[in-house]
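Reviewing the structure listed below.
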Amino acid sequence: MYPFAYTRANSVREALEAGGRGGRYIAGGTTLVDLMRETVETPDTVVDISALPLREITATKGGGIRIGALVPMSVATADSKLNSLYPVAAQALRGASAQLRNMATIGGNIMQRTRCTYFRDVTADCNKREPGSGCAALQGYNRGHAILGGSDHCVAVHASDFAVALTALEATVHLQAPDGKERRLPFADFLLRPGSTPQREQSIRKGELITAIEIPAYPRPLKSAYLKIRDRQSYSFGLATAAVALHVRGGVIREAKVAAGGVATVPWKLPAVERALIGERPSDGLWAEAASHAADGARPLQHNRFKVELLKRTVERQLRTVGEME
């Protein structure tokens with residue numbers, strides 16, 4: 001680990017001032033500390049924001065929910081409002097181990113970096129870590145890499161389960177800049193596909209601080225759930241995941257929100273699946289037909305071709321599960 005300066009912010013203003021000078025924000029530290037130990041990241045200054053008043057979960061006037069950026073994952077997972085309104089989000093948070101849930105925060109979760117082994121191995125070529133060096137995963141062992149959203153520069157998978165649920169539910173990220181300006185960014189625009197600049201992972205400006213995540217209101221009843229397929233039942237990153245939310249009224253699907261994880265460079269919204277569902281009556285045939293579009297546009301690599309069929313089956317299984325909920 002390289003030497004660095006440490007400062008603790010006691011207010012949002014103090015944090016923004018330090019961030020504006022180039023300091024890196026840290027709360028639970030479950031990602032940044034690991035990367036610093038591995039010398040993947042070497043910040044000059046670390047700004048501890050764990051004391052900031054961003055720990056509330058509140059219902060919005062429209063019937064949605066707002067989650068403060070520093071709410072621990074364990075607190076959000078247990079929150080009655082989140083479990084009642086959006087079970088898919090609470091279930092996605094449970095994809096992490098108990099130790100991580102106790103330490104990690106909501107804001108840190110969506111800022112976490114990839115678990116790609118080539119990214120975390122400083123001896124390997126990685127455009128995300130060192131732009132222009134190449135991507136060892138393209139010709140290397142790429143079983144866990146992306147079949148959607150990749151480029152010739154990067155095929156690393158985004159690791160967050162919670163971000164998949166937020167993508168499906170079309171959440172919004174609240175940000176505050178060092179100059180005091182606030183902005184709201186659709187979650188779909190927050191995380192960036194690699195393209196030719198894989199080192200740029202979020203649409204976040206220098207010194208900006210995530211203050212909250214907001215999930216909008218949906219017509220009721222809204223049935224939702226999250227499914228994670230992984231190599232082992234205990235703590236492990238997903239090979240394919242599915243977040244599904246359905247509003248069914250009068251025996252017809254009126255709203256459908258579907259996204260996938262574990263298969264793409266960012267949480268992957270599935271609009272073709274959604275279109276195949278809306279206006280239809282739930283049935284086994286419908287789930288299979290809709291899920292057949294889940295891997296549209298996939299570009300599998302040498303070792304991950306199995307993910308195409310796995311993704312379709314994961315989505316179909318979760319559509320059926322949610323569609324049959326009472």
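Residue numbers start at 1 in each chain; chains themselves are named A, B, ... in the order of the structure tokens; ligands are numbered from 1 in the order shown.
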Residue neighbourhood region 104-108 of chain A, 9 Å, only C-alpha atoms, exclusion window fewer than 4 positions, as number ranges by chain = A: 26-31, 67-74, 76, 99-100, 112, 162, 210-213
For the residues selected in the previous step, produce a file with N, CA, C and O atoms as a tab-separated table (two decimals), in the first residue's frame.
```
chain	number	residue	atom	x	y	z
A	26	ILE	N	-14.43	7.76	1.24
A	26	ILE	CA	-14.47	6.40	1.76
A	26	ILE	C	-15.45	6.34	2.93
A	26	ILE	O	-15.51	7.27	3.74
A	27	ALA	N	-16.24	5.28	2.97
A	27	ALA	CA	-17.18	5.08	4.09
A	27	ALA	C	-16.88	3.71	4.70
A	27	ALA	O	-16.05	3.57	5.57
A	28	GLY	N	-17.55	2.65	4.19
A	28	GLY	CA	-17.26	1.31	4.69
A	28	GLY	C	-15.90	0.81	4.24
A	28	GLY	O	-15.26	0.02	4.93
A	29	GLY	N	-15.46	1.23	3.06
A	29	GLY	CA	-14.14	0.88	2.57
A	29	GLY	C	-14.00	-0.53	2.04
A	29	GLY	O	-12.88	-1.01	1.79
A	30	THR	N	-15.11	-1.22	1.81
A	30	THR	CA	-15.03	-2.63	1.42
A	30	THR	C	-14.47	-2.84	0.02
A	30	THR	O	-14.03	-3.95	-0.30
A	31	THR	N	-14.47	-1.83	-0.81
A	31	THR	CA	-13.84	-1.92	-2.12
A	31	THR	C	-12.52	-1.17	-2.17
A	31	THR	O	-11.48	-1.72	-2.53
A	67	ILE	N	-33.25	6.49	-0.20
A	67	ILE	CA	-32.29	5.82	0.67
A	67	ILE	C	-31.02	6.65	0.72
A	67	ILE	O	-30.39	6.91	-0.31
A	68	GLY	N	-30.64	7.09	1.91
A	68	GLY	CA	-29.42	7.87	2.06
A	68	GLY	C	-28.19	7.08	1.64
A	68	GLY	O	-28.13	5.86	1.83
A	69	ALA	N	-27.20	7.77	1.11
A	69	ALA	CA	-26.03	7.10	0.55
A	69	ALA	C	-25.23	6.34	1.60
A	69	ALA	O	-24.54	5.37	1.27
A	70	LEU	N	-25.30	6.76	2.87
A	70	LEU	CA	-24.51	6.11	3.91
A	70	LEU	C	-25.30	5.11	4.73
A	70	LEU	O	-24.82	4.64	5.77
A	71	VAL	N	-26.49	4.77	4.29
A	71	VAL	CA	-27.24	3.71	4.95
A	71	VAL	C	-26.47	2.39	4.75
A	71	VAL	O	-26.16	2.01	3.62
A	72	PRO	N	-26.13	1.69	5.83
A	72	PRO	CA	-25.47	0.39	5.66
A	72	PRO	C	-26.37	-0.58	4.91
A	72	PRO	O	-27.60	-0.55	5.05
A	73	MET	N	-25.79	-1.45	4.14
A	73	MET	CA	-26.57	-2.43	3.40
A	73	MET	C	-27.43	-3.28	4.33
A	73	MET	O	-28.56	-3.63	4.00
A	74	SER	N	-26.90	-3.63	5.50
A	74	SER	CA	-27.65	-4.46	6.44
A	74	SER	C	-28.90	-3.75	6.93
A	74	SER	O	-29.95	-4.38	7.13
A	76	ALA	N	-30.58	-1.34	5.24
A	76	ALA	CA	-31.51	-1.27	4.11
A	76	ALA	C	-32.20	-2.62	3.89
A	76	ALA	O	-33.41	-2.69	3.62
A	99	GLN	N	-20.93	-10.05	6.58
A	99	GLN	CA	-19.85	-9.15	6.96
A	99	GLN	C	-19.82	-7.92	6.06
A	99	GLN	O	-19.66	-6.78	6.54
A	100	LEU	N	-19.99	-8.13	4.75
A	100	LEU	CA	-20.00	-7.00	3.83
A	100	LEU	C	-21.22	-6.11	4.05
A	100	LEU	O	-21.13	-4.89	4.02
A	112	GLN	N	-18.84	0.44	-6.44
A	112	GLN	CA	-17.82	-0.61	-6.40
A	112	GLN	C	-17.28	-0.92	-7.78
A	112	GLN	O	-17.97	-0.78	-8.79
A	162	PHE	N	-27.36	-5.03	-6.16
A	162	PHE	CA	-28.30	-3.94	-5.88
A	162	PHE	C	-28.48	-3.05	-7.10
A	162	PHE	O	-29.59	-2.59	-7.39
A	210	ILE	N	-22.31	11.35	-3.72
A	210	ILE	CA	-23.64	10.71	-3.78
A	210	ILE	C	-24.33	10.96	-2.44
A	210	ILE	O	-23.78	10.62	-1.39
A	211	THR	N	-25.52	11.52	-2.47
A	211	THR	CA	-26.24	11.78	-1.22
A	211	THR	C	-27.40	10.82	-1.00
A	211	THR	O	-27.76	10.54	0.15
A	212	ALA	N	-27.99	10.30	-2.08
A	212	ALA	CA	-29.14	9.39	-1.91
A	212	ALA	C	-29.44	8.67	-3.21
A	212	ALA	O	-29.00	9.06	-4.30
A	213	ILE	N	-30.20	7.59	-3.07
A	213	ILE	CA	-30.79	6.86	-4.19
A	213	ILE	C	-32.30	6.95	-4.03
A	213	ILE	O	-32.83	6.75	-2.93
```
key: Sel. of helix (DSSP H, G or I) residues, region 57-110 of chain A, as a PyMOL selection string   = chain A and resi 73-78+80-85+87-93+98-103+106-110
query = Neighbours of region 164-169 of chain A within 7 Å (only C-alpha atoms; same-chain residues fewer than 3 positions away dropped), as an MDAnalysis selection string?
reply = chainID A and resid 88:89 92 160:161 187:188 215 243:244 257:261 267 269
Serialized selection, N, CA and C atoms, as a PDB file, in the first residue's frame:
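Writing done, so here's selection_2.pdb:
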```pdb
ATOM      1  N   VAL A  88     -37.611  -6.750  -4.443  1.00  0.00           N
ATOM      2  CA  VAL A  88     -36.515  -7.053  -5.350  1.00  0.00           C
ATOM      3  C   VAL A  88     -35.234  -6.347  -4.924  1.00  0.00           C
ATOM      4  N   ALA A  89     -35.347  -5.111  -4.412  1.00  0.00           N
ATOM      5  CA  ALA A  89     -34.166  -4.363  -3.991  1.00  0.00           C
ATOM      6  C   ALA A  89     -33.587  -4.928  -2.700  1.00  0.00           C
ATOM      7  N   ALA A  92     -31.869  -8.213  -3.452  1.00  0.00           N
ATOM      8  CA  ALA A  92     -30.599  -8.024  -4.157  1.00  0.00           C
ATOM      9  C   ALA A  92     -29.482  -7.685  -3.183  1.00  0.00           C
ATOM     10  N   SER A 160     -22.260  -5.394  -8.777  1.00  0.00           N
ATOM     11  CA  SER A 160     -23.317  -5.083  -7.816  1.00  0.00           C
ATOM     12  C   SER A 160     -24.649  -5.750  -8.140  1.00  0.00           C
ATOM     13  N   ASP A 161     -25.201  -6.478  -7.169  1.00  0.00           N
ATOM     14  CA  ASP A 161     -26.563  -7.012  -7.302  1.00  0.00           C
ATOM     15  C   ASP A 161     -27.589  -5.895  -7.137  1.00  0.00           C
ATOM     16  N   PHE A 187     -30.510   6.310 -13.088  1.00  0.00           N
ATOM     17  CA  PHE A 187     -29.519   5.276 -12.814  1.00  0.00           C
ATOM     18  C   PHE A 187     -28.979   4.666 -14.097  1.00  0.00           C
ATOM     19  N   ALA A 188     -29.805   4.592 -15.106  1.00  0.00           N
ATOM     20  CA  ALA A 188     -29.360   4.035 -16.392  1.00  0.00           C
ATOM     21  C   ALA A 188     -28.223   4.847 -16.998  1.00  0.00           C
ATOM     22  N   ILE A 215     -36.014   5.539  -5.515  1.00  0.00           N
ATOM     23  CA  ILE A 215     -36.768   4.616  -6.346  1.00  0.00           C
ATOM     24  C   ILE A 215     -38.165   5.190  -6.524  1.00  0.00           C
ATOM     25  N   ALA A 243     -33.609  -9.305 -12.039  1.00  0.00           N
ATOM     26  CA  ALA A 243     -34.499  -8.490 -11.218  1.00  0.00           C
ATOM     27  C   ALA A 243     -35.778  -8.267 -12.004  1.00  0.00           C
ATOM     28  N   VAL A 244     -36.913  -8.652 -11.407  1.00  0.00           N
ATOM     29  CA  VAL A 244     -38.198  -8.567 -12.106  1.00  0.00           C
ATOM     30  C   VAL A 244     -39.226  -7.880 -11.222  1.00  0.00           C
ATOM     31  N   LYS A 257     -40.823  -4.421 -15.419  1.00  0.00           N
ATOM     32  CA  LYS A 257     -39.483  -3.878 -15.274  1.00  0.00           C
ATOM     33  C   LYS A 257     -38.531  -5.054 -15.054  1.00  0.00           C
ATOM     34  N   VAL A 258     -37.588  -5.231 -15.976  1.00  0.00           N
ATOM     35  CA  VAL A 258     -36.714  -6.398 -15.942  1.00  0.00           C
ATOM     36  C   VAL A 258     -35.280  -5.976 -16.257  1.00  0.00           C
ATOM     37  N   ALA A 259     -34.332  -6.490 -15.460  1.00  0.00           N
ATOM     38  CA  ALA A 259     -32.915  -6.243 -15.715  1.00  0.00           C
ATOM     39  C   ALA A 259     -32.117  -7.471 -15.319  1.00  0.00           C
ATOM     40  N   ALA A 260     -30.924  -7.582 -15.885  1.00  0.00           N
ATOM     41  CA  ALA A 260     -30.064  -8.735 -15.624  1.00  0.00           C
ATOM     42  C   ALA A 260     -28.694  -8.276 -15.152  1.00  0.00           C
ATOM     43  N   GLY A 261     -28.022  -9.142 -14.396  1.00  0.00           N
ATOM     44  CA  GLY A 261     -26.672  -8.878 -13.933  1.00  0.00           C
ATOM     45  C   GLY A 261     -25.805 -10.112 -14.103  1.00  0.00           C
ATOM     46  N   PRO A 267     -25.218  -3.195 -15.180  1.00  0.00           N
ATOM     47  CA  PRO A 267     -26.522  -3.857 -15.036  1.00  0.00           C
ATOM     48  C   PRO A 267     -27.331  -3.652 -16.308  1.00  0.00           C
ATOM     49  N   LYS A 269     -30.558  -3.548 -18.591  1.00  0.00           N
ATOM     50  CA  LYS A 269     -32.005  -3.452 -18.758  1.00  0.00           C
ATOM     51  C   LYS A 269     -32.420  -4.288 -19.952  1.00  0.00           C
TER      52      LYS A 269
END
```
query = With only C-alpha atoms as the basis for distance, which of A:Thr45, A:Ser203, A:Ser80, A:Ser133 is at the shortest distance from Ala59 (chain A)?
reply =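 Between A:Thr45, A:Ser203, A:Ser80, A:Ser133, the residue approaching Ala59 (chain A) most closely is A:Ser80.
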ask   = What is the CA of Tyr2 (chain A)-CA of Ala156 (chain A) distance in Å, reported with one decimal?
value =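 Computing the Euclidean distance for CA of Tyr2 (chain A) and CA of Ala156 (chain A) yields 25.5 Å.
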key: Between CA of Gly207 (chain A) and CA of Ala177 (chain A) - distance in Å to one decimal   = 6.2 Å
Contacts of region 286-295 of chain A within 10 Å, only C-alpha atoms, excl. fewer than 2 positions in-chain, as a PyMOL selection string = chain A and resi 147-148+258-260+263+268-277+280-284+297-300+307-321+323
Output file for the selection above: N, CA and C atoms, as a compact mmCIF listing (two decimals), in the first residue's frame:
```
# COMPACT_ATOMS: atom_id res chain seq x y z
N ILE A 147 -21.09 -10.95 -21.71
CA ILE A 147 -21.55 -11.28 -23.05
C ILE A 147 -22.36 -10.14 -23.64
N LEU A 148 -22.62 -9.11 -22.83
CA LEU A 148 -23.38 -7.93 -23.25
C LEU A 148 -22.66 -6.66 -22.80
N VAL A 258 -37.59 -5.23 -15.98
CA VAL A 258 -36.71 -6.40 -15.94
C VAL A 258 -35.28 -5.98 -16.26
N ALA A 259 -34.33 -6.49 -15.46
CA ALA A 259 -32.91 -6.24 -15.71
C ALA A 259 -32.12 -7.47 -15.32
N ALA A 260 -30.92 -7.58 -15.88
CA ALA A 260 -30.06 -8.74 -15.62
C ALA A 260 -28.69 -8.28 -15.15
N VAL A 263 -23.81 -10.71 -16.38
CA VAL A 263 -23.60 -11.05 -17.79
C VAL A 263 -23.17 -9.85 -18.62
N TRP A 268 -27.93 -4.71 -16.81
CA TRP A 268 -28.46 -4.69 -18.18
C TRP A 268 -29.98 -4.67 -18.19
N LYS A 269 -30.56 -3.55 -18.59
CA LYS A 269 -32.01 -3.45 -18.76
C LYS A 269 -32.42 -4.29 -19.95
N LEU A 270 -33.60 -4.92 -19.85
CA LEU A 270 -34.08 -5.81 -20.90
C LEU A 270 -35.39 -5.30 -21.49
N PRO A 271 -35.34 -4.24 -22.30
CA PRO A 271 -36.57 -3.65 -22.85
C PRO A 271 -37.34 -4.57 -23.78
N ALA A 272 -36.63 -5.44 -24.52
CA ALA A 272 -37.34 -6.37 -25.41
C ALA A 272 -38.16 -7.37 -24.60
N VAL A 273 -37.64 -7.79 -23.46
CA VAL A 273 -38.39 -8.68 -22.58
C VAL A 273 -39.61 -7.95 -22.03
N GLU A 274 -39.40 -6.71 -21.61
CA GLU A 274 -40.51 -5.92 -21.05
C GLU A 274 -41.62 -5.72 -22.08
N ARG A 275 -41.24 -5.40 -23.32
CA ARG A 275 -42.24 -5.18 -24.37
C ARG A 275 -43.05 -6.45 -24.65
N ALA A 276 -42.38 -7.59 -24.56
CA ALA A 276 -43.07 -8.85 -24.82
C ALA A 276 -44.09 -9.20 -23.74
N LEU A 277 -43.96 -8.57 -22.55
CA LEU A 277 -44.83 -8.86 -21.42
C LEU A 277 -46.04 -7.94 -21.32
N GLU A 280 -50.05 -8.48 -21.97
CA GLU A 280 -50.32 -9.91 -22.12
C GLU A 280 -50.82 -10.51 -20.80
N ARG A 281 -51.45 -11.66 -20.93
CA ARG A 281 -51.91 -12.41 -19.75
C ARG A 281 -50.82 -13.40 -19.34
N PRO A 282 -50.51 -13.47 -18.04
CA PRO A 282 -49.46 -14.37 -17.57
C PRO A 282 -49.72 -15.82 -17.99
N SER A 283 -48.66 -16.48 -18.47
CA SER A 283 -48.76 -17.90 -18.84
C SER A 283 -47.36 -18.45 -19.00
N ASP A 284 -47.23 -19.77 -18.91
CA ASP A 284 -45.93 -20.39 -19.10
C ASP A 284 -45.34 -20.05 -20.47
N GLY A 297 -28.44 -9.58 -28.86
CA GLY A 297 -27.23 -8.77 -29.03
C GLY A 297 -26.01 -9.30 -28.29
N ALA A 298 -26.11 -10.48 -27.68
CA ALA A 298 -24.99 -11.03 -26.91
C ALA A 298 -23.80 -11.34 -27.81
N ARG A 299 -22.61 -11.12 -27.26
CA ARG A 299 -21.36 -11.43 -27.95
C ARG A 299 -20.50 -12.27 -27.00
N PRO A 300 -20.79 -13.57 -26.92
CA PRO A 300 -20.05 -14.42 -25.98
C PRO A 300 -18.59 -14.58 -26.38
N LYS A 307 -23.32 -18.67 -20.92
CA LYS A 307 -24.09 -17.61 -20.29
C LYS A 307 -25.30 -17.18 -21.12
N VAL A 308 -25.25 -17.40 -22.42
CA VAL A 308 -26.39 -17.02 -23.26
C VAL A 308 -27.63 -17.80 -22.83
N GLU A 309 -27.52 -19.10 -22.77
CA GLU A 309 -28.66 -19.93 -22.37
C GLU A 309 -28.96 -19.76 -20.88
N LEU A 310 -27.91 -19.62 -20.07
CA LEU A 310 -28.12 -19.43 -18.63
C LEU A 310 -28.92 -18.16 -18.36
N LEU A 311 -28.62 -17.10 -19.07
CA LEU A 311 -29.35 -15.85 -18.90
C LEU A 311 -30.82 -16.03 -19.25
N LYS A 312 -31.11 -16.66 -20.37
CA LYS A 312 -32.50 -16.87 -20.78
C LYS A 312 -33.25 -17.68 -19.74
N ARG A 313 -32.63 -18.73 -19.25
CA ARG A 313 -33.30 -19.59 -18.26
C ARG A 313 -33.50 -18.87 -16.93
N THR A 314 -32.53 -18.05 -16.55
CA THR A 314 -32.64 -17.30 -15.30
C THR A 314 -33.79 -16.31 -15.36
N VAL A 315 -33.89 -15.59 -16.47
CA VAL A 315 -34.97 -14.62 -16.64
C VAL A 315 -36.32 -15.33 -16.70
N GLU A 316 -36.40 -16.42 -17.46
CA GLU A 316 -37.67 -17.15 -17.55
C GLU A 316 -38.11 -17.65 -16.17
N ARG A 317 -37.18 -18.21 -15.42
CA ARG A 317 -37.52 -18.73 -14.09
C ARG A 317 -38.03 -17.62 -13.18
N GLN A 318 -37.40 -16.45 -13.25
CA GLN A 318 -37.82 -15.37 -12.36
C GLN A 318 -39.12 -14.72 -12.81
N LEU A 319 -39.34 -14.63 -14.10
CA LEU A 319 -40.63 -14.13 -14.60
C LEU A 319 -41.76 -15.03 -14.10
N ARG A 320 -41.56 -16.32 -14.18
CA ARG A 320 -42.58 -17.26 -13.72
C ARG A 320 -42.81 -17.13 -12.21
N THR A 321 -41.71 -17.01 -11.45
CA THR A 321 -41.81 -16.88 -10.00
C THR A 321 -42.61 -15.65 -9.61
N GLY A 323 -44.57 -13.80 -11.60
CA GLY A 323 -45.89 -13.82 -12.21
C GLY A 323 -46.88 -14.69 -11.46
```
query = Could you pull out all residues of region 145-318 of chain A with a DSSP call of strand (DSSP E) and give them as JSON, numbers by chain?
reply = {"A": [172, 173, 174, 175, 176, 182, 183, 184, 185, 186, 209, 210, 211, 212, 213, 214, 215, 223, 224, 225, 226, 227, 228, 229, 240, 241, 242, 243, 244, 245, 246, 247, 248, 249, 252, 253, 254, 255, 256, 257, 258, 259, 260, 261, 268, 269]}
Mind dumping the selected residues with C-alpha atoms as an mmCIF file, in the first residue's frame?
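So the final result, stored in result-v8.cif, reads:
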```cif
data_model
loop_
_atom_site.group_PDB
_atom_site.id
_atom_site.type_symbol
_atom_site.label_atom_id
_atom_site.label_comp_id
_atom_site.auth_asym_id
_atom_site.auth_seq_id
_atom_site.Cartn_x
_atom_site.Cartn_y
_atom_site.Cartn_z
ATOM 1 C CA THR A 172 -32.384 8.041 -9.650
ATOM 2 C CA VAL A 173 -29.030 8.998 -8.107
ATOM 3 C CA HIS A 174 -28.859 12.262 -6.123
ATOM 4 C CA LEU A 175 -25.487 14.027 -6.338
ATOM 5 C CA GLN A 176 -24.028 17.176 -4.813
ATOM 6 C CA GLU A 182 -27.259 19.334 -6.857
ATOM 7 C CA ARG A 183 -28.347 17.123 -9.692
ATOM 8 C CA ARG A 184 -30.441 14.004 -10.210
ATOM 9 C CA LEU A 185 -29.166 11.388 -12.614
ATOM 10 C CA PRO A 186 -31.208 8.462 -13.962
ATOM 11 C CA LEU A 209 -20.808 13.227 -3.550
ATOM 12 C CA ILE A 210 -23.639 10.714 -3.780
ATOM 13 C CA THR A 211 -26.243 11.782 -1.220
ATOM 14 C CA ALA A 212 -29.135 9.394 -1.915
ATOM 15 C CA ILE A 213 -30.792 6.858 -4.186
ATOM 16 C CA GLU A 214 -34.475 7.334 -5.031
ATOM 17 C CA ILE A 215 -36.768 4.616 -6.346
ATOM 18 C CA LYS A 223 -44.849 -7.889 -7.360
ATOM 19 C CA SER A 224 -41.070 -8.170 -7.491
ATOM 20 C CA ALA A 225 -38.163 -10.471 -6.661
ATOM 21 C CA TYR A 226 -34.462 -11.045 -7.354
ATOM 22 C CA LEU A 227 -32.737 -14.248 -8.441
ATOM 23 C CA LYS A 228 -28.995 -14.888 -8.354
ATOM 24 C CA ILE A 229 -27.399 -17.915 -10.018
ATOM 25 C CA ALA A 240 -26.459 -14.596 -14.135
ATOM 26 C CA THR A 241 -29.021 -12.646 -12.120
ATOM 27 C CA ALA A 242 -32.498 -11.298 -12.807
ATOM 28 C CA ALA A 243 -34.499 -8.490 -11.218
ATOM 29 C CA VAL A 244 -38.198 -8.567 -12.106
ATOM 30 C CA ALA A 245 -41.098 -6.305 -11.123
ATOM 31 C CA LEU A 246 -44.616 -6.779 -12.526
ATOM 32 C CA HIS A 247 -47.864 -4.876 -12.080
ATOM 33 C CA VAL A 248 -50.777 -7.123 -13.007
ATOM 34 C CA ARG A 249 -54.335 -5.762 -13.034
ATOM 35 C CA VAL A 252 -53.162 -8.444 -17.667
ATOM 36 C CA ILE A 253 -49.560 -7.264 -17.201
ATOM 37 C CA ARG A 254 -49.702 -3.453 -17.154
ATOM 38 C CA GLU A 255 -46.091 -2.710 -16.087
ATOM 39 C CA ALA A 256 -42.952 -4.821 -16.488
ATOM 40 C CA LYS A 257 -39.483 -3.878 -15.274
ATOM 41 C CA VAL A 258 -36.714 -6.398 -15.942
ATOM 42 C CA ALA A 259 -32.915 -6.243 -15.715
ATOM 43 C CA ALA A 260 -30.064 -8.735 -15.624
ATOM 44 C CA GLY A 261 -26.672 -8.878 -13.933
ATOM 45 C CA TRP A 268 -28.458 -4.694 -18.182
ATOM 46 C CA LYS A 269 -32.005 -3.452 -18.758
#
```
key: Surrounding residues of Thr117 (chain A) excluding itself and chain neighbours under 4 positions, 10 Å, only C-alpha atoms, as a ChimeraX atom specification   = /A:121-122,124,126,136-137,141-142,144,156
ask   = Which residue gives the smallest distance to Met325 (chain A) among A:Pro221, A:Gly262, A:Pro43, A:Gly279, with only C-alpha atoms counted?
value =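 Looking at the shortest contact to Met325 (chain A), the residue is A:Pro221.
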request  = Mind giving me the straight-line distance from CA of Pro53 (chain A) to CA of Met36 (chain A) in Å, one decimal?
outcome  = 26.2 Å
inquiry  = Using only C-alpha atoms, which protein or nucleic acid residues come within 8 Å of Gly134 (chain A)? Drop anything in the same chain fewer than 4 positions from it, and give the result as an MDAnalysis selection string.
reply    = chainID A and resid 125:127 153
Which neighbours of Ala18 (chain A) fall inside 12 Å, counting only C-alpha atoms, when residues of the same chain fewer than 3 positions from it are skipped, and could you give them as a compact mmCIF listing (two decimals) with N, CA and C atoms, in the first residue's frame?
```txt
# COMPACT_ATOMS: atom_id res chain seq x y z
N ALA A 5 -2.68 10.52 2.60
CA ALA A 5 -3.17 11.38 3.67
C ALA A 5 -4.61 11.01 3.99
N TYR A 6 -4.97 11.13 5.28
CA TYR A 6 -6.31 10.78 5.73
C TYR A 6 -6.95 12.00 6.39
N THR A 7 -8.21 12.27 6.02
CA THR A 7 -8.96 13.34 6.69
C THR A 7 -10.38 12.88 6.93
N ARG A 8 -10.97 13.31 8.03
CA ARG A 8 -12.33 12.92 8.38
C ARG A 8 -13.24 14.13 8.25
N ALA A 9 -14.28 14.01 7.44
CA ALA A 9 -15.22 15.11 7.22
C ALA A 9 -16.36 15.00 8.23
N ASN A 10 -16.66 16.11 8.88
CA ASN A 10 -17.74 16.14 9.88
C ASN A 10 -19.01 16.78 9.34
N SER A 11 -18.98 17.23 8.10
CA SER A 11 -20.17 17.80 7.48
C SER A 11 -20.08 17.58 5.98
N VAL A 12 -21.20 17.69 5.30
CA VAL A 12 -21.22 17.54 3.85
C VAL A 12 -20.33 18.59 3.21
N ARG A 13 -20.37 19.80 3.75
CA ARG A 13 -19.55 20.88 3.19
C ARG A 13 -18.07 20.53 3.29
N GLU A 14 -17.63 20.04 4.45
CA GLU A 14 -16.22 19.66 4.60
C GLU A 14 -15.84 18.56 3.61
N ALA A 15 -16.72 17.61 3.44
CA ALA A 15 -16.45 16.51 2.51
C ALA A 15 -16.31 17.03 1.09
N ARG A 21 -10.75 19.06 -3.86
CA ARG A 21 -9.28 19.14 -3.95
C ARG A 21 -8.67 17.82 -4.43
N GLY A 22 -9.52 16.85 -4.74
CA GLY A 22 -9.02 15.59 -5.28
C GLY A 22 -9.06 14.42 -4.32
N GLY A 23 -9.59 14.61 -3.13
CA GLY A 23 -9.67 13.53 -2.16
C GLY A 23 -10.65 12.45 -2.59
N ARG A 24 -10.36 11.19 -2.23
CA ARG A 24 -11.25 10.08 -2.54
C ARG A 24 -12.13 9.79 -1.33
N TYR A 25 -13.44 9.74 -1.56
CA TYR A 25 -14.37 9.46 -0.48
C TYR A 25 -14.30 7.99 -0.07
N ILE A 26 -14.43 7.76 1.24
CA ILE A 26 -14.47 6.40 1.76
C ILE A 26 -15.45 6.34 2.93
N ASP A 44 -3.95 9.89 -3.28
CA ASP A 44 -3.08 10.71 -2.43
C ASP A 44 -3.76 11.04 -1.11
N THR A 45 -5.09 11.25 -1.17
CA THR A 45 -5.85 11.63 0.02
C THR A 45 -7.14 10.84 0.08
N VAL A 46 -7.46 10.33 1.26
CA VAL A 46 -8.70 9.61 1.51
C VAL A 46 -9.55 10.43 2.46
N VAL A 47 -10.81 10.66 2.09
CA VAL A 47 -11.72 11.48 2.88
C VAL A 47 -12.78 10.59 3.51
N ASP A 48 -12.74 10.45 4.81
CA ASP A 48 -13.69 9.60 5.54
C ASP A 48 -15.01 10.36 5.68
N ILE A 49 -16.07 9.83 5.06
CA ILE A 49 -17.38 10.49 5.10
C ILE A 49 -18.39 9.75 5.97
N ALA A 177 -22.35 18.62 -5.79
CA ALA A 177 -21.02 19.01 -6.25
C ALA A 177 -20.35 19.95 -5.25
N PRO A 178 -19.02 20.11 -5.32
CA PRO A 178 -18.31 21.01 -4.42
C PRO A 178 -18.80 22.46 -4.47
N ASP A 179 -19.36 22.90 -5.60
CA ASP A 179 -19.88 24.27 -5.69
C ASP A 179 -21.29 24.40 -5.11
N LYS A 206 -15.79 15.44 -10.83
CA LYS A 206 -14.76 15.57 -9.79
C LYS A 206 -15.36 16.16 -8.51
N GLY A 207 -15.17 15.44 -7.41
CA GLY A 207 -15.60 15.94 -6.12
C GLY A 207 -17.06 15.75 -5.80
N GLU A 208 -17.87 15.27 -6.76
CA GLU A 208 -19.29 15.06 -6.49
C GLU A 208 -19.47 13.97 -5.44
N LEU A 209 -20.49 14.16 -4.63
CA LEU A 209 -20.81 13.23 -3.55
C LEU A 209 -22.20 12.65 -3.77
```
